[in-house]
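As structure tokens, the structure follows; a few thoughts come after it.
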Amino acid sequence: MYEYDVVAIGAGSGGCASCMRSVDNGKKKVALVEYRKGGTGGTCVSRGCIPTKALLRSAEVYAEVKNAKKLGILVDGARPDMKAIQKGKNQVVTQLKFGLDNFLLKSRGVKRITGKARLLDPHTIEITDGDKVSQITAENIIIATGSEAVRIPVFNIDGKKIMTSDELLNIDYLPKSIVIAGAGVVGMEIAYLLRTLDVEVTVCDLAPQVLPLVRDKDTVDAVKKTMEKYGIKFYLGQGINEMHVDEEDQVVCTLADETVIKAEIGLVAVGRAINVKGIGLEELGIEQGPKGVILVNEKMQTNIPNIYAVGDITMGPQLSHKAQKQGLTAADNICGIESRINMDVIPSATFIQPEVATVGLTDAEAQEKGYETLVAKKAFSSNEKALSMRETNGFIKVVADKNSHRILGTIVFGPQGSVLIEEFSLAIEKGLSLEDIALSIHAHPTLSELAMETCKLALGLAFDK
Ligand SMILES: Cc1cc2nc3c(=O)[nH]c(=O)nc-3n(C[C@H](O)[C@H](O)[C@H](O)COP(=O)(O)OP(=O)(O)OC[C@H]3O[C@@H](n4cnc5c(N)ncnc54)[C@H](O)[C@@H]3O)c2cc1C
């Protein structure tokens with residue numbers, strides 16, 4: 001009756017995952033609509049997670065080379081070659097897109113449709129590709145249109161001197177200096193990247209702390225102190241009035257207290273605007289919440305039962321793995337497989353060095369929810385592996401329910417934090433206790449022993465109390 005069983009709108013993390021799972025679950029006619037040419041993988045692959053991490057890897061290697069003397073290795077003449085760094089990053093992105101296009105989507109028979117999609121009724125989608133306008137019909141529709149960098153007029157973004165992350169991740173030169181509006185994850189990762197590559201970096205934010213979504217003063221203070229040690233300057237707790245390019249081609253950033261910061265280039269990283277306009281939501285009466293997010297139930301269904309929404313356009317953190325899991329959840333439910341997503345256990349990582357990774361509740365959040373908490377914090381300086389690596393900055397902080405000892409949340413600020421957090425994600429997802437981690441044997445010497453030792457500390461079982 002309909003041309004397609006499932007159509008996903010947007011080829012990002014959410015859309016791609018939902019199409020693949022729909023086919024794997026037995027749906028024969030599955031289509032993926034994307035308006036960007038070469039847009040497979042969405043923000044994550046082209047403009048987000050992957051390009052940042054590929055660039056950061058080069059910066060990390062440079063930092064290691066600069067610090068190699070500490071480990072007895074003498075290196076002369078190391079310097080970053082931004083054109084080569086970009087080339088390497090582009091190869092990673094191209095390889096990933098090729099794999100997604102050919103090995104994962106094409107091999108499953110997912111039909112690719114190029115154009116901008118708009119819902120006309122619960123089963124009809126209009127596709128506009130240049131002058132060509134067509135329609136397709138689908139039994140089930142998954143909206144996965146994601147987000148774009150916020151563009152506020154006072155920042156005068158021109159994409160050349162004052163950029164969003166989209167443009168900045170493609171610069172093939174190193175500026176002398178940069179002023180960054182926004183101390184969130186994107187602002188901090190790019191600040192760390194460029195500072196490590198010897199650029200003078202200044203970061204401003206209206207929020208009084210770095211990483212405003214991390215509600216743990218201890219952690220954000222430690223992160224800021226570390227970044228300041230690298231030479232990054234911060235202006236926090238001050239509104240940013242405007243940015244512009246002056247007659248000397250300098251970027252001028254003016255704060256609410258009239259502080260003026262000048263730099264060679266500017267980056268605006270003050271948030272992401274969700275793609276919910278012009279796709280037919282209002283016309284169909286699809287319910288939206290704060291800032292226009294599409295409201296969905298645990299199955300990812302909107303108030304129109306055959307229309308699902310996943311990824312950045314829904315409530316919760318804007319993260320690729322959240323989008324992907326939601327895509328899988330939507331596809332399973334469409335195919336009659338009961339599936340729910342636990343939005344309380346979504347790990348998050350910021351890939352500065354040391355890495356910052358969080359999952360579950362902070363102590364403050366747990367107390368707000370009425371828990372009596374048990375909190376333990378242990379420094380990487382007490383861990384033999386970290387000591388051997390000469391990477392002792394940071395700590396693990398575990399929050400548990402004082403009565404049941406069930407783990408409620410964890411923050412890792414330290415080497416390989418994004419890897420170490422996974423043990424705690426699993427523990428929280430499965431309702432495990434401090435004892436479960438403290439009493440299971442961890443290989444020695446490893447960074448993950450600190451996870452065990454922090455849980456032991458909470459239970460009064462640590463050697464060094
Ligand atoms: C610089 C940066 C770094 C990041 N780093 C990380 C990280 O390390 N880890 C992490 O988990 N997350 C990271 N993110 C966030 C992550 O990229 C997003 O959360 C994720 O990509 C969201 O996936 P999505 O499927 O919801 O949307 P998107 O990936 O944004 O994909 C949506 C797609 O829909 C298309 N589209 C929009 N409207 C239409 C329409 N009407 N018709 C057809 N197509 C349409 C868009 O062109 C786009 O390709 C980062 C983001 C940025 C900007």
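Residue numbering restarts at 1 in every chain; chains get A, B, ... in the order shown in the structure tokens, and ligands count up from 1 in that same order.
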For this session: May I have the residues within 6 Å of ligand 1, computed using only C-alpha atoms and all ligand atoms, as a PyMOL selection string?
Result: chain A and resi 9-15+33-36+39+42-44+47-49+52+115-118+144-147+165+186+275+279+311-312+318-321+323
Generate the output file for the selected residues, C-alpha atoms, as a compact mmCIF listing (two decimals), in the first residue's frame.
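Saved result, selection02.txt, follows:
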```txt
# COMPACT_ATOMS: atom_id res chain seq x y z
CA ILE A 9 14.79 11.64 7.30
CA GLY A 10 18.44 12.60 7.87
CA ALA A 11 21.50 10.40 7.33
CA GLY A 12 23.19 11.13 10.67
CA SER A 13 23.83 8.74 13.55
CA GLY A 14 20.11 8.31 14.28
CA GLY A 15 18.87 7.95 10.70
CA VAL A 33 16.55 10.82 2.81
CA GLU A 34 19.44 13.32 3.08
CA TYR A 35 19.77 16.72 1.44
CA ARG A 36 23.53 17.22 1.86
CA GLY A 39 26.17 13.75 3.86
CA GLY A 42 25.62 13.46 9.41
CA THR A 43 27.22 15.86 11.85
CA CYS A 44 29.16 13.14 13.67
CA ARG A 47 31.50 18.05 11.16
CA GLY A 48 31.53 16.63 14.69
CA CYS A 49 32.84 13.65 16.64
CA THR A 52 37.48 16.64 16.08
CA GLY A 115 16.63 16.09 -1.17
CA LYS A 116 15.03 18.07 1.64
CA ALA A 117 12.14 16.24 3.22
CA ARG A 118 8.90 17.74 4.54
CA ALA A 144 16.34 12.31 12.44
CA THR A 145 17.13 15.79 11.14
CA GLY A 146 19.70 16.65 13.85
CA SER A 147 21.14 20.07 14.52
CA SER A 165 32.91 24.58 14.29
CA VAL A 186 32.87 21.88 21.45
CA ASN A 275 16.43 21.18 12.64
CA ILE A 279 9.61 19.90 8.04
CA GLY A 311 18.71 12.12 17.98
CA ASP A 312 19.49 15.78 18.62
CA GLN A 318 23.12 15.95 21.93
CA LEU A 319 25.37 12.95 21.49
CA SER A 320 25.97 10.54 18.67
CA HIS A 321 25.57 7.36 20.74
CA ALA A 323 21.03 9.28 18.56
```
Problem set entry | Backbone-only DSSP, strand (DSSP E) members of stretch 168-223 of chain A, as a PyMOL selection string | chain A and resi 177-181+200-205
For this session: Write out as a list in words all residues of stretch 234-343 of chain A that DSSP puts in alpha helix (DSSP H) for this structure's backbone.
Result: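 Output for stretch 234-343 of chain A, alpha helix (DSSP H) only: Leu281, Glu282, Glu283, Leu284, Ser320, His321, Lys322, Ala323, Gln324, Lys325, Gln326, Gly327, Leu328, Thr329, Ala330, Ala331, Asp332, Asn333 and Ile334 of chain A.
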Keeping only N, CA and C atoms, take the residues you just selected and write them out as a PDB file, in the first residue's frame.
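The resulting file, result_35.pdb, is reproduced below:
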```
ATOM      1  N   LEU A 281       6.131  19.822  11.003  1.00  0.00           N
ATOM      2  CA  LEU A 281       5.713  19.401  12.348  1.00  0.00           C
ATOM      3  C   LEU A 281       4.430  20.100  12.793  1.00  0.00           C
ATOM      4  N   GLU A 282       4.403  21.443  12.617  1.00  0.00           N
ATOM      5  CA  GLU A 282       3.239  22.217  13.078  1.00  0.00           C
ATOM      6  C   GLU A 282       2.003  21.797  12.298  1.00  0.00           C
ATOM      7  N   GLU A 283       2.165  21.655  10.976  1.00  0.00           N
ATOM      8  CA  GLU A 283       1.028  21.311  10.117  1.00  0.00           C
ATOM      9  C   GLU A 283       0.407  19.974  10.535  1.00  0.00           C
ATOM     10  N   LEU A 284       1.256  19.036  10.968  1.00  0.00           N
ATOM     11  CA  LEU A 284       0.728  17.713  11.348  1.00  0.00           C
ATOM     12  C   LEU A 284       0.329  17.652  12.820  1.00  0.00           C
ATOM     13  N   SER A 320      26.126  11.488  19.754  1.00  0.00           N
ATOM     14  CA  SER A 320      25.969  10.537  18.669  1.00  0.00           C
ATOM     15  C   SER A 320      25.441   9.179  19.154  1.00  0.00           C
ATOM     16  N   HIS A 321      25.988   8.683  20.269  1.00  0.00           N
ATOM     17  CA  HIS A 321      25.565   7.359  20.740  1.00  0.00           C
ATOM     18  C   HIS A 321      24.134   7.372  21.246  1.00  0.00           C
ATOM     19  N   LYS A 322      23.682   8.540  21.729  1.00  0.00           N
ATOM     20  CA  LYS A 322      22.263   8.643  22.119  1.00  0.00           C
ATOM     21  C   LYS A 322      21.391   8.550  20.865  1.00  0.00           C
ATOM     22  N   ALA A 323      21.790   9.294  19.812  1.00  0.00           N
ATOM     23  CA  ALA A 323      21.030   9.276  18.558  1.00  0.00           C
ATOM     24  C   ALA A 323      20.973   7.858  17.993  1.00  0.00           C
ATOM     25  N   GLN A 324      22.122   7.187  18.034  1.00  0.00           N
ATOM     26  CA  GLN A 324      22.204   5.846  17.466  1.00  0.00           C
ATOM     27  C   GLN A 324      21.301   4.866  18.227  1.00  0.00           C
ATOM     28  N   LYS A 325      21.378   4.914  19.548  1.00  0.00           N
ATOM     29  CA  LYS A 325      20.566   4.002  20.376  1.00  0.00           C
ATOM     30  C   LYS A 325      19.078   4.293  20.173  1.00  0.00           C
ATOM     31  N   GLN A 326      18.735   5.574  20.059  1.00  0.00           N
ATOM     32  CA  GLN A 326      17.332   5.915  19.816  1.00  0.00           C
ATOM     33  C   GLN A 326      16.885   5.397  18.448  1.00  0.00           C
ATOM     34  N   GLY A 327      17.783   5.486  17.449  1.00  0.00           N
ATOM     35  CA  GLY A 327      17.463   4.975  16.114  1.00  0.00           C
ATOM     36  C   GLY A 327      17.172   3.487  16.156  1.00  0.00           C
ATOM     37  N   LEU A 328      18.003   2.747  16.902  1.00  0.00           N
ATOM     38  CA  LEU A 328      17.800   1.297  17.026  1.00  0.00           C
ATOM     39  C   LEU A 328      16.485   1.004  17.750  1.00  0.00           C
ATOM     40  N   THR A 329      16.211   1.797  18.785  1.00  0.00           N
ATOM     41  CA  THR A 329      14.985   1.601  19.572  1.00  0.00           C
ATOM     42  C   THR A 329      13.752   1.823  18.697  1.00  0.00           C
ATOM     43  N   ALA A 330      13.782   2.909  17.903  1.00  0.00           N
ATOM     44  CA  ALA A 330      12.645   3.207  17.020  1.00  0.00           C
ATOM     45  C   ALA A 330      12.450   2.055  16.034  1.00  0.00           C
ATOM     46  N   ALA A 331      13.548   1.612  15.419  1.00  0.00           N
ATOM     47  CA  ALA A 331      13.446   0.546  14.401  1.00  0.00           C
ATOM     48  C   ALA A 331      12.916  -0.752  15.020  1.00  0.00           C
ATOM     49  N   ASP A 332      13.375  -1.086  16.201  1.00  0.00           N
ATOM     50  CA  ASP A 332      12.891  -2.306  16.852  1.00  0.00           C
ATOM     51  C   ASP A 332      11.382  -2.217  17.096  1.00  0.00           C
ATOM     52  N   ASN A 333      10.949  -1.102  17.635  1.00  0.00           N
ATOM     53  CA  ASN A 333       9.521  -0.980  17.940  1.00  0.00           C
ATOM     54  C   ASN A 333       8.663  -1.002  16.674  1.00  0.00           C
ATOM     55  N   ILE A 334       9.159  -0.374  15.605  1.00  0.00           N
ATOM     56  CA  ILE A 334       8.441  -0.416  14.320  1.00  0.00           C
ATOM     57  C   ILE A 334       8.272  -1.863  13.870  1.00  0.00           C
TER      58      ILE A 334
END
```
For this session: Between A:Asp81, A:Asp198, A:Glu139, A:Asp401, single out the one closest to A:Asp172, counting only C-alpha atoms.
Result: A:Asp81
For this session: Find the distance between atom CA of A:Ile265 and atom CA of A:Ile157 and write it in Å to one decimal.
Result: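 These atoms are spaced 10.8 Å apart.
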Problem set entry | d(atom CA of A:Glu372, atom CA of A:Gly409) in Å |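 Interatomic distance, atom CA of A:Glu372 to atom CA of A:Gly409: 13.2 Å.
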For this session: Please identify all polymer residues within 9 Å of stretch 105-108 of chain A, counting only C-alpha atoms, omitting same-chain residues fewer than 2 positions from it, and present them as a ChimeraX atom specification.
Result: /A:16,19-20,23-24,99-103,110-112
Please produce a file of the residues just selected, as a JSON list (two decimals), in the first residue's frame, where the atoms kept are N, CA and C atoms.
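In the end it all went to selection_2.json:
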```
[["chain", "number", "residue", "atom", "x", "y", "z"],
["A", 16, "CYS", "N", 20.87, 6.69, 10.09],
["A", 16, "CYS", "CA", 21.59, 5.53, 9.55],
["A", 16, "CYS", "C", 21.31, 4.29, 10.40],
["A", 19, "CYS", "N", 17.78, 2.85, 9.85],
["A", 19, "CYS", "CA", 17.60, 2.14, 8.57],
["A", 19, "CYS", "C", 18.24, 0.76, 8.62],
["A", 20, "MET", "N", 19.48, 0.70, 9.12],
["A", 20, "MET", "CA", 20.18, -0.60, 9.16],
["A", 20, "MET", "C", 19.41, -1.60, 10.02],
["A", 23, "VAL", "N", 16.21, -2.98, 8.33],
["A", 23, "VAL", "CA", 16.49, -4.04, 7.36],
["A", 23, "VAL", "C", 16.84, -5.34, 8.11],
["A", 24, "ASP", "N", 17.71, -5.22, 9.12],
["A", 24, "ASP", "CA", 18.13, -6.42, 9.86],
["A", 24, "ASP", "C", 16.94, -7.09, 10.55],
["A", 99, "GLY", "N", 32.69, 3.46, 3.98],
["A", 99, "GLY", "CA", 32.24, 2.23, 4.65],
["A", 99, "GLY", "C", 30.75, 2.26, 4.93],
["A", 100, "LEU", "N", 30.28, 3.40, 5.43],
["A", 100, "LEU", "CA", 28.84, 3.55, 5.74],
["A", 100, "LEU", "C", 28.01, 3.41, 4.47],
["A", 101, "ASP", "N", 28.41, 4.16, 3.42],
["A", 101, "ASP", "CA", 27.66, 4.16, 2.16],
["A", 101, "ASP", "C", 27.59, 2.77, 1.56],
["A", 102, "ASN", "N", 28.77, 2.14, 1.45],
["A", 102, "ASN", "CA", 28.85, 0.91, 0.67],
["A", 102, "ASN", "C", 28.67, -0.36, 1.48],
["A", 103, "PHE", "N", 29.41, -0.50, 2.58],
["A", 103, "PHE", "CA", 29.36, -1.76, 3.31],
["A", 103, "PHE", "C", 28.14, -1.86, 4.22],
["A", 110, "VAL", "N", 19.40, -0.41, 1.42],
["A", 110, "VAL", "CA", 18.70, 0.82, 1.84],
["A", 110, "VAL", "C", 18.69, 1.79, 0.66],
["A", 111, "LYS", "N", 17.50, 2.24, 0.26],
["A", 111, "LYS", "CA", 17.37, 3.16, -0.88],
["A", 111, "LYS", "C", 17.78, 4.56, -0.44],
["A", 112, "ARG", "N", 18.69, 5.21, -1.18],
["A", 112, "ARG", "CA", 19.12, 6.56, -0.84],
["A", 112, "ARG", "C", 18.34, 7.57, -1.67]]
```
Problem set entry | Å distance separating atom CA of A:Glu355 from atom CA of A:Ile240, one decimal place |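 So the answer is 27.2 Å.
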